[in-house]
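Undergrad: What follows is start.cif; its format and atoms are mmCIF, C-alpha atoms.
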```
data_my_file
loop_
_atom_site.label_atom_id
_atom_site.label_comp_id
_atom_site.auth_asym_id
_atom_site.auth_seq_id
_atom_site.Cartn_x
_atom_site.Cartn_y
_atom_site.Cartn_z
CA MET A 1138 -6.39 3.38 36.69
CA LYS A 1139 -9.41 3.42 34.36
CA PRO A 1140 -9.56 0.92 31.48
CA PHE A 1141 -7.74 2.34 28.42
CA GLU A 1142 -6.49 5.34 30.40
CA GLU A 1143 -2.83 4.73 29.61
CA PRO A 1144 -3.12 4.36 25.80
CA ILE A 1145 -5.40 7.42 25.67
CA ARG A 1146 -2.97 9.52 27.70
CA GLN A 1147 -0.04 8.28 25.59
CA TYR A 1148 -1.96 9.33 22.47
CA LEU A 1149 -2.60 12.80 23.93
CA ARG A 1150 1.07 13.23 24.89
CA ARG A 1151 2.34 12.01 21.52
CA HIS A 1152 0.36 14.63 19.61
CA ASP A 1153 0.30 17.32 22.30
CA PHE A 1154 -3.51 17.32 22.42
CA GLY A 1155 -5.43 18.55 25.43
CA LYS A 1156 -8.46 16.35 24.91
CA PHE A 1157 -9.81 13.20 23.27
CA LEU A 1158 -13.53 13.40 22.59
CA PRO A 1159 -14.64 10.90 19.88
CA LYS A 1160 -17.38 12.06 17.53
CA ALA A 1161 -16.63 9.86 14.51
CA VAL A 1162 -15.14 6.46 13.69
CA LEU A 1163 -13.27 6.01 10.42
CA PHE A 1164 -13.17 2.43 9.11
CA ASP A 1165 -10.82 0.95 6.56
CA MET A 1166 -12.68 -1.49 4.28
CA ASP A 1167 -10.67 -4.56 3.19
CA GLY A 1168 -9.78 -6.71 6.16
CA VAL A 1169 -11.90 -4.54 8.46
CA ILE A 1170 -15.42 -4.26 7.07
CA TYR A 1171 -15.06 -7.22 4.72
CA ASN A 1172 -13.00 -10.38 5.13
CA SER A 1173 -11.72 -9.76 1.62
CA MET A 1174 -7.95 -9.82 2.02
CA PRO A 1175 -7.47 -13.56 1.29
CA HIS A 1176 -9.07 -12.99 -2.12
CA HIS A 1177 -7.07 -9.81 -2.70
CA ALA A 1178 -3.84 -11.66 -1.91
CA ILE A 1179 -4.62 -14.34 -4.49
CA ALA A 1180 -5.65 -11.74 -7.07
CA TRP A 1181 -2.47 -9.73 -6.57
CA GLN A 1182 -0.22 -12.76 -6.88
CA GLU A 1183 -1.94 -14.12 -10.01
CA SER A 1184 -2.37 -10.80 -11.83
CA MET A 1185 1.17 -9.61 -11.27
CA ALA A 1186 2.55 -12.96 -12.42
CA ARG A 1187 0.84 -12.41 -15.78
CA PHE A 1188 2.97 -9.31 -16.27
CA GLY A 1189 6.21 -10.85 -15.07
CA ILE A 1190 6.05 -9.35 -11.57
CA HIS A 1191 6.71 -11.57 -8.56
CA MET A 1192 4.41 -10.70 -5.66
CA THR A 1193 3.68 -13.10 -2.84
CA GLN A 1194 0.39 -13.26 -0.98
CA HIS A 1195 2.22 -12.18 2.18
CA GLU A 1196 3.42 -9.02 0.38
CA ALA A 1197 -0.20 -8.20 -0.45
CA TYR A 1198 -0.84 -7.76 3.27
CA LEU A 1199 2.24 -5.55 3.67
CA TYR A 1200 1.13 -3.25 0.84
CA GLU A 1201 -2.53 -3.34 1.84
CA GLY A 1202 -4.08 0.10 2.09
CA MET A 1203 -2.00 1.64 -0.70
CA ARG A 1204 -3.94 2.57 -3.84
CA GLY A 1205 -3.77 -0.37 -6.22
CA VAL A 1206 -2.29 1.64 -9.08
CA GLU A 1207 0.46 2.89 -6.77
CA THR A 1208 1.25 -0.66 -5.62
CA ILE A 1209 1.65 -1.72 -9.25
CA ARG A 1210 3.92 1.20 -10.16
CA LEU A 1211 6.05 0.53 -7.06
CA GLN A 1212 6.46 -3.18 -7.87
CA VAL A 1213 7.31 -2.49 -11.53
CA ARG A 1214 9.88 0.12 -10.50
CA LYS A 1215 11.46 -2.23 -7.94
CA GLN A 1216 11.64 -5.29 -10.17
CA LYS A 1217 12.06 -3.85 -13.67
CA GLY A 1218 13.64 -0.48 -12.95
CA ILE A 1219 11.14 1.45 -15.07
CA ASP A 1220 8.31 3.87 -14.40
CA ILE A 1221 5.03 3.02 -16.09
CA SER A 1222 2.28 5.54 -16.73
CA MET A 1223 -0.85 5.80 -14.64
CA GLU A 1224 -2.81 4.63 -17.68
CA GLU A 1225 -0.73 1.45 -17.91
CA SER A 1226 -1.02 0.92 -14.18
CA HIS A 1227 -4.81 1.24 -14.40
CA ARG A 1228 -4.81 -1.38 -17.18
CA LEU A 1229 -2.91 -3.82 -14.98
CA TYR A 1230 -5.20 -3.03 -12.05
CA GLU A 1231 -8.23 -3.93 -14.15
CA VAL A 1232 -6.77 -7.42 -14.58
CA LYS A 1233 -6.27 -7.71 -10.83
CA SER A 1234 -9.85 -6.49 -10.24
CA ALA A 1235 -11.28 -9.05 -12.66
CA ILE A 1236 -9.48 -11.89 -10.89
CA PHE A 1237 -10.69 -10.60 -7.51
CA ALA A 1238 -14.30 -10.45 -8.75
CA SER A 1239 -14.06 -14.02 -10.07
CA LEU A 1240 -13.19 -15.34 -6.60
CA GLY A 1241 -16.68 -14.79 -5.24
CA LYS A 1242 -18.39 -12.67 -2.62
CA ALA A 1243 -16.38 -11.22 0.25
CA GLU A 1244 -18.22 -11.76 3.54
CA LYS A 1245 -18.69 -9.11 6.20
CA MET A 1246 -16.12 -9.26 8.97
CA GLU A 1247 -17.68 -10.98 11.96
CA GLY A 1248 -18.73 -8.44 14.58
CA VAL A 1249 -18.28 -5.31 12.47
CA GLU A 1250 -21.96 -4.63 11.86
CA ASP A 1251 -22.76 -5.00 15.57
CA LEU A 1252 -19.88 -2.62 16.32
CA MET A 1253 -21.21 -0.06 13.85
CA ARG A 1254 -24.67 -0.22 15.41
CA GLN A 1255 -23.17 0.48 18.83
CA ILE A 1256 -21.25 3.42 17.39
CA LYS A 1257 -24.36 4.77 15.69
CA ASP A 1258 -26.42 4.36 18.87
CA CYS A 1259 -23.81 6.49 20.68
CA GLY A 1260 -24.45 9.31 18.21
CA LEU A 1261 -21.08 9.07 16.44
CA LYS A 1262 -20.60 9.36 12.69
CA ILE A 1263 -19.21 6.44 10.67
CA CYS A 1264 -16.96 7.00 7.65
CA VAL A 1265 -15.28 4.50 5.31
CA VAL A 1266 -11.72 5.39 4.32
CA THR A 1267 -10.22 2.93 1.86
CA GLY A 1268 -7.46 2.81 -0.70
CA SER A 1269 -9.58 0.42 -2.73
CA GLY A 1270 -10.94 1.05 -6.19
CA GLN A 1271 -12.74 -2.29 -6.11
CA ARG A 1272 -16.19 -1.25 -7.35
CA THR A 1273 -17.65 -4.71 -6.65
CA LEU A 1274 -17.33 -3.92 -2.95
CA LEU A 1275 -17.73 -0.14 -2.93
CA ASP A 1276 -21.02 -0.19 -4.83
CA HIS A 1277 -22.66 -2.46 -2.26
CA LEU A 1278 -21.61 -0.80 0.99
CA GLU A 1279 -24.79 1.21 1.51
CA GLN A 1280 -27.16 -1.66 0.74
CA GLN A 1281 -25.22 -4.21 2.82
CA PHE A 1282 -25.00 -1.86 5.81
CA PRO A 1283 -28.39 -0.10 5.68
CA GLY A 1284 -28.67 2.96 7.87
CA LEU A 1285 -25.01 2.67 8.87
CA LEU A 1286 -22.92 3.59 5.83
CA HIS A 1287 -23.66 6.43 3.42
CA HIS A 1288 -21.96 7.43 0.19
CA GLU A 1289 -21.28 10.99 1.34
CA LEU A 1290 -19.17 9.62 4.21
CA MET A 1291 -16.81 7.51 2.11
CA VAL A 1292 -13.27 8.18 0.92
CA THR A 1293 -11.93 5.85 -1.80
CA SER A 1294 -8.98 5.69 -4.18
CA PHE A 1295 -11.01 7.86 -6.57
CA ASP A 1296 -11.07 10.76 -4.08
CA VAL A 1297 -7.36 11.34 -3.42
CA THR A 1298 -4.21 11.64 -5.49
CA GLN A 1299 -1.98 10.48 -2.62
CA GLY A 1300 -3.25 7.36 -0.90
CA LYS A 1301 -2.12 5.57 2.24
CA PRO A 1302 0.51 5.62 3.80
CA LYS A 1303 0.13 9.37 3.22
CA PRO A 1304 -2.40 10.88 5.66
CA ASP A 1305 -4.52 12.44 2.89
CA PRO A 1306 -7.34 9.83 2.90
CA TYR A 1307 -7.85 10.13 6.65
CA LEU A 1308 -7.56 13.91 6.55
CA MET A 1309 -10.34 13.91 3.97
CA GLY A 1310 -12.35 11.57 6.19
CA LEU A 1311 -12.03 14.06 9.05
CA GLU A 1312 -13.15 16.83 6.73
CA LYS A 1313 -16.18 14.90 5.52
CA CYS A 1314 -17.19 14.15 9.11
CA GLY A 1315 -16.57 17.73 10.20
CA VAL A 1316 -14.29 16.72 13.09
CA GLN A 1317 -10.76 17.32 14.36
CA PRO A 1318 -8.15 14.53 14.80
CA TRP A 1319 -8.79 14.31 18.57
CA GLU A 1320 -12.48 13.79 17.83
CA ALA A 1321 -12.05 10.58 15.81
CA ILE A 1322 -11.00 6.95 16.02
CA VAL A 1323 -9.58 4.93 13.12
CA VAL A 1324 -10.12 1.17 12.76
CA GLU A 1325 -7.40 -0.38 10.60
CA ASN A 1326 -5.79 -3.73 9.92
CA ALA A 1327 -2.91 -2.81 7.61
CA PRO A 1328 0.55 -1.40 8.42
CA LEU A 1329 0.33 1.33 5.77
CA GLY A 1330 -3.17 2.21 6.92
CA VAL A 1331 -2.03 2.52 10.52
CA ARG A 1332 0.86 4.71 9.38
CA ALA A 1333 -1.56 6.98 7.49
CA ALA A 1334 -3.92 7.28 10.46
CA VAL A 1335 -1.08 8.06 12.87
CA ALA A 1336 0.26 10.67 10.44
CA ALA A 1337 -3.20 12.24 10.48
CA ARG A 1338 -2.88 12.29 14.32
CA ILE A 1339 -5.97 10.13 14.91
CA PHE A 1340 -6.34 7.57 17.73
CA THR A 1341 -5.79 4.27 15.90
CA VAL A 1342 -7.19 0.85 16.73
CA ALA A 1343 -5.54 -2.00 14.81
CA VAL A 1344 -7.53 -5.21 14.38
CA ASN A 1345 -5.01 -7.72 13.07
CA THR A 1346 -7.25 -9.88 10.90
CA GLY A 1347 -4.41 -11.08 8.66
CA PRO A 1348 -1.21 -13.15 9.00
CA LEU A 1349 1.14 -10.33 10.01
CA ASP A 1350 2.83 -10.18 13.38
CA ASP A 1351 1.19 -7.78 15.85
CA ARG A 1352 4.53 -6.03 16.31
CA ILE A 1353 4.39 -4.69 12.73
CA LEU A 1354 1.19 -2.79 13.50
CA LEU A 1355 2.40 -1.62 16.89
CA ASP A 1356 5.66 -0.38 15.36
CA GLU A 1357 3.60 1.74 12.95
CA GLY A 1358 2.06 3.47 15.96
CA ALA A 1359 -1.26 1.72 16.66
CA ASP A 1360 -2.71 2.86 20.00
CA LEU A 1361 -4.59 -0.40 20.61
CA ILE A 1362 -4.47 -3.80 18.96
CA TYR A 1363 -6.95 -6.69 18.79
CA ARG A 1364 -6.82 -10.07 17.10
CA ARG A 1365 -10.53 -10.18 16.27
CA MET A 1366 -13.17 -7.62 15.42
CA THR A 1367 -15.51 -9.28 17.91
CA ASP A 1368 -13.04 -8.48 20.70
CA PHE A 1369 -13.05 -4.79 19.79
CA ARG A 1370 -16.84 -4.85 19.47
CA ASP A 1371 -17.13 -6.23 22.99
CA GLN A 1372 -14.88 -3.51 24.41
CA TRP A 1373 -16.23 -0.56 22.42
CA SER A 1374 -18.49 0.80 25.15
CA THR A 1375 -15.66 0.54 27.70
CA LEU A 1376 -13.27 2.45 25.42
CA LEU A 1377 -15.78 5.21 24.73
CA GLY A 1378 -16.74 5.39 28.39
CA SER A 1379 -13.10 5.71 29.42
CA ALA A 1380 -12.57 8.48 26.86
CA MET A 1381 -15.57 10.40 28.17
CA ASP A 1382 -14.56 9.94 31.82
CA LEU A 1383 -11.03 11.18 31.16
CA TYR A 1384 -12.33 14.14 29.19
CA LYS A 1385 -14.58 15.18 32.09
CA GLU A 1386 -11.75 14.61 34.56
CA ASP A 1387 -9.30 16.75 32.55
CA ASN A 1388 -11.89 19.39 31.61
CA PRO A 1389 -14.01 19.85 34.75
CA MET A 1390 -15.38 23.24 33.67
CA THR A 1391 -17.18 21.57 30.72
CA THR A 1392 -19.28 19.21 32.90
#
```
Using structure tokens, write down the structure that the file contains.

TA:
Amino acid sequence: MKPFEEPIRQYLRRHDFGKFLPKAVLFDMDGVIYNSMPHHAIAWQESMARFGIHMTQHEAYLYEGMRGVETIRLQVRKQKGIDISMEESHRLYEVKSAIFASLGKAEKMEGVEDLMRQIKDCGLKICVVTGSGQRTLLDHLEQQFPGLLHHELMVTSFDVTQGKPKPDPYLMGLEKCGVQPWEAIVVENAPLGVRAAVAARIFTVAVNTGPLDDRILLDEGADLIYRRMTDFRDQWSTLLGSAMDLYKEDNPMTT
């Protein structure tokens, strides 16, 4: 059996697709492109405490991927039994954003830039799909990843009304890249992000860069899982090669 043949075939059976031919890779941002989640976890815990909301750093990883304003409204509803307006939620999110910014620069995830260069060299498009509204990170993506990331291939919390775990952000990512679900790969680290990608019917690679158990990501439907971005980087060419080989094998008239 070829490397990665079984997870690819399971993906095809699950969604009743006849082919898997990657043309684009859709990256989440926090915890995937940047090692920013430790700072986000602190910022969530401290900001919510100021408004009488108990939120642990571990919970920040469970809710990761959801639009920040939606996380706030959910927590307020759960703990206080009231619905706050979007305007009030935005005000609370500004406090969280200020704390996050005060914690210093978020470093690039080790191995992610090398991975993106491999992807680009293979002729595939790269798109960022994030639930973040953290302008301190979003505004620097193009300059920190020159020639790799471009504003027109980004989906942020400002672009959708329903964020992750709904599939809308990844569906918009597909649209911006001009590809179908079976022509894309998602790289995620968060349970809600994996759920959104699976709902969009995209082959999903989970890189578990946080403290959560691998089983949480697998239970959400991840097709592959890695503990480090460098591990996925090192196996990228094998994954793409396996996908191409299986496509040619299953579609001999196209070769």

Undergrad: Could you list, as an mmCIF file with C-alpha atoms, in the coordinates of the input, every residue matched by the PyMOL selection byres ((chain A and resi 1371-1382) around 10) in this structure?

TA:
```
data_model
loop_
_atom_site.group_PDB
_atom_site.id
_atom_site.type_symbol
_atom_site.label_atom_id
_atom_site.label_comp_id
_atom_site.auth_asym_id
_atom_site.auth_seq_id
_atom_site.Cartn_x
_atom_site.Cartn_y
_atom_site.Cartn_z
ATOM 1 C CA LYS A 1139 -9.410 3.420 34.360
ATOM 2 C CA PRO A 1140 -9.560 0.920 31.480
ATOM 3 C CA PHE A 1141 -7.740 2.340 28.420
ATOM 4 C CA GLU A 1142 -6.490 5.340 30.400
ATOM 5 C CA ILE A 1145 -5.400 7.420 25.670
ATOM 6 C CA ARG A 1146 -2.970 9.520 27.700
ATOM 7 C CA LYS A 1156 -8.460 16.350 24.910
ATOM 8 C CA PHE A 1157 -9.810 13.200 23.270
ATOM 9 C CA LEU A 1158 -13.530 13.400 22.590
ATOM 10 C CA PRO A 1159 -14.640 10.900 19.880
ATOM 11 C CA GLY A 1248 -18.730 -8.440 14.580
ATOM 12 C CA ASP A 1251 -22.760 -5.000 15.570
ATOM 13 C CA LEU A 1252 -19.880 -2.620 16.320
ATOM 14 C CA MET A 1253 -21.210 -0.060 13.850
ATOM 15 C CA GLN A 1255 -23.170 0.480 18.830
ATOM 16 C CA ILE A 1256 -21.250 3.420 17.390
ATOM 17 C CA CYS A 1259 -23.810 6.490 20.680
ATOM 18 C CA MET A 1366 -13.170 -7.620 15.420
ATOM 19 C CA THR A 1367 -15.510 -9.280 17.910
ATOM 20 C CA ASP A 1368 -13.040 -8.480 20.700
ATOM 21 C CA PHE A 1369 -13.050 -4.790 19.790
ATOM 22 C CA ARG A 1370 -16.840 -4.850 19.470
ATOM 23 C CA LEU A 1383 -11.030 11.180 31.160
ATOM 24 C CA TYR A 1384 -12.330 14.140 29.190
ATOM 25 C CA LYS A 1385 -14.580 15.180 32.090
ATOM 26 C CA GLU A 1386 -11.750 14.610 34.560
ATOM 27 C CA ASP A 1387 -9.300 16.750 32.550
ATOM 28 C CA ASN A 1388 -11.890 19.390 31.610
#
```

Undergrad: Neighbours of range 1216-1223 of chain A within 12 Å (all atoms listed in the file; same-chain residues fewer than 2 positions away dropped), as a list in words?

TA: Met1185, Phe1188, Gly1189, Ile1190, His1191, Met1192, Arg1204, Gly1205, Val1206, Glu1207, Thr1208, Ile1209, Arg1210, Leu1211, Gln1212, Val1213, Arg1214, Glu1225, Ser1226, His1227, Arg1228, Leu1229, Tyr1230 and Thr1298 of chain A

Undergrad: Could you list, as a PyMOL selection string, every residue matched by the PyMOL selection byres ((chain A and resi 1231-1238) around 9) in this structure?

TA: chain A and resi 1176-1185+1226-1230+1239-1242+1270-1273

Undergrad: Using all atoms listed in the file, give me every residue within 10 Å of (-2.7, -8.7, 12.7) in file coordinates, as a tab-separated table (two decimals) with C-alpha atoms, keeping the file's coordinate frame.

TA:
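out-v4.tsv written:
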```tsv
chain	number	residue	atom	x	y	z
A	1168	GLY	CA	-9.78	-6.71	6.16
A	1198	TYR	CA	-0.84	-7.76	3.27
A	1325	GLU	CA	-7.40	-0.38	10.60
A	1326	ASN	CA	-5.79	-3.73	9.92
A	1327	ALA	CA	-2.91	-2.81	7.61
A	1328	PRO	CA	0.55	-1.40	8.42
A	1343	ALA	CA	-5.54	-2.00	14.81
A	1344	VAL	CA	-7.53	-5.21	14.38
A	1345	ASN	CA	-5.01	-7.72	13.07
A	1346	THR	CA	-7.25	-9.88	10.90
A	1347	GLY	CA	-4.41	-11.08	8.66
A	1348	PRO	CA	-1.21	-13.15	9.00
A	1349	LEU	CA	1.14	-10.33	10.01
A	1350	ASP	CA	2.83	-10.18	13.38
A	1351	ASP	CA	1.19	-7.78	15.85
A	1352	ARG	CA	4.53	-6.03	16.31
A	1353	ILE	CA	4.39	-4.69	12.73
A	1354	LEU	CA	1.19	-2.79	13.50
A	1355	LEU	CA	2.40	-1.62	16.89
A	1362	ILE	CA	-4.47	-3.80	18.96
A	1363	TYR	CA	-6.95	-6.69	18.79
A	1364	ARG	CA	-6.82	-10.07	17.10
A	1365	ARG	CA	-10.53	-10.18	16.27
```

Undergrad: I'd like to know which of A:Asp1153, A:Glu1312, A:Glu1320, A:Glu1244 is closest to His1277 in chain A, using only C-alpha atoms.

TA: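 Nearest to His1277 in chain A: A:Glu1244.
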
Undergrad: What separation in Å, quoted to one decimal, exists between CA of Tyr1200 in chain A and CA of Phe1282 in chain A?

TA: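 Value for the CA of Tyr1200 in chain A-CA of Phe1282 in chain A distance: 26.6 Å.
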
Undergrad: Which residue, A:Val1249, A:Val1331, A:Pro1318, A:Leu1199, has the smallest gap to Gly1155 in chain A when you use all atoms listed in the file?

TA: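 Ranking A:Val1249, A:Val1331, A:Pro1318, A:Leu1199 by distance to Gly1155 in chain A, first place goes to A:Pro1318.
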
Undergrad: Between CA of Ala1337 in chain A and CA of Glu1247 in chain A, measure the distance and give it in Å to one decimal.

TA: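 Atom-to-atom, CA of Ala1337 in chain A to CA of Glu1247 in chain A, that is 27.4 Å.
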
Undergrad: Find the residues near Val1342 in chain A: any atom within 7 Å, counting only C-alpha atoms, skip ones fewer than 4 places away on the same chain, and give them as a PyMOL selection string.

TA: chain A and resi 1323-1325+1359-1362

Undergrad: Could you dump the residues just selected with C-alpha atoms as a PDB file, in the frame of the given file?

TA:
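Full text of selection-v8.pdb as output:
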```
ATOM      1  CA  VAL A1323      -9.580   4.930  13.120  1.00  0.00           C
ATOM      2  CA  VAL A1324     -10.120   1.170  12.760  1.00  0.00           C
ATOM      3  CA  GLU A1325      -7.400  -0.380  10.600  1.00  0.00           C
ATOM      4  CA  ALA A1359      -1.260   1.720  16.660  1.00  0.00           C
ATOM      5  CA  ASP A1360      -2.710   2.860  20.000  1.00  0.00           C
ATOM      6  CA  LEU A1361      -4.590  -0.400  20.610  1.00  0.00           C
ATOM      7  CA  ILE A1362      -4.470  -3.800  18.960  1.00  0.00           C
TER       8      ILE A1362
END
```

Undergrad: Nearest to Ala1334 in chain A among A:Lys1301, A:His1287, A:Lys1313, A:His1152, with distances taken over all atoms listed in the file: which residue is it?

TA: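 Counting all atoms listed in the file, the residue closest to Ala1334 in chain A is A:Lys1301.
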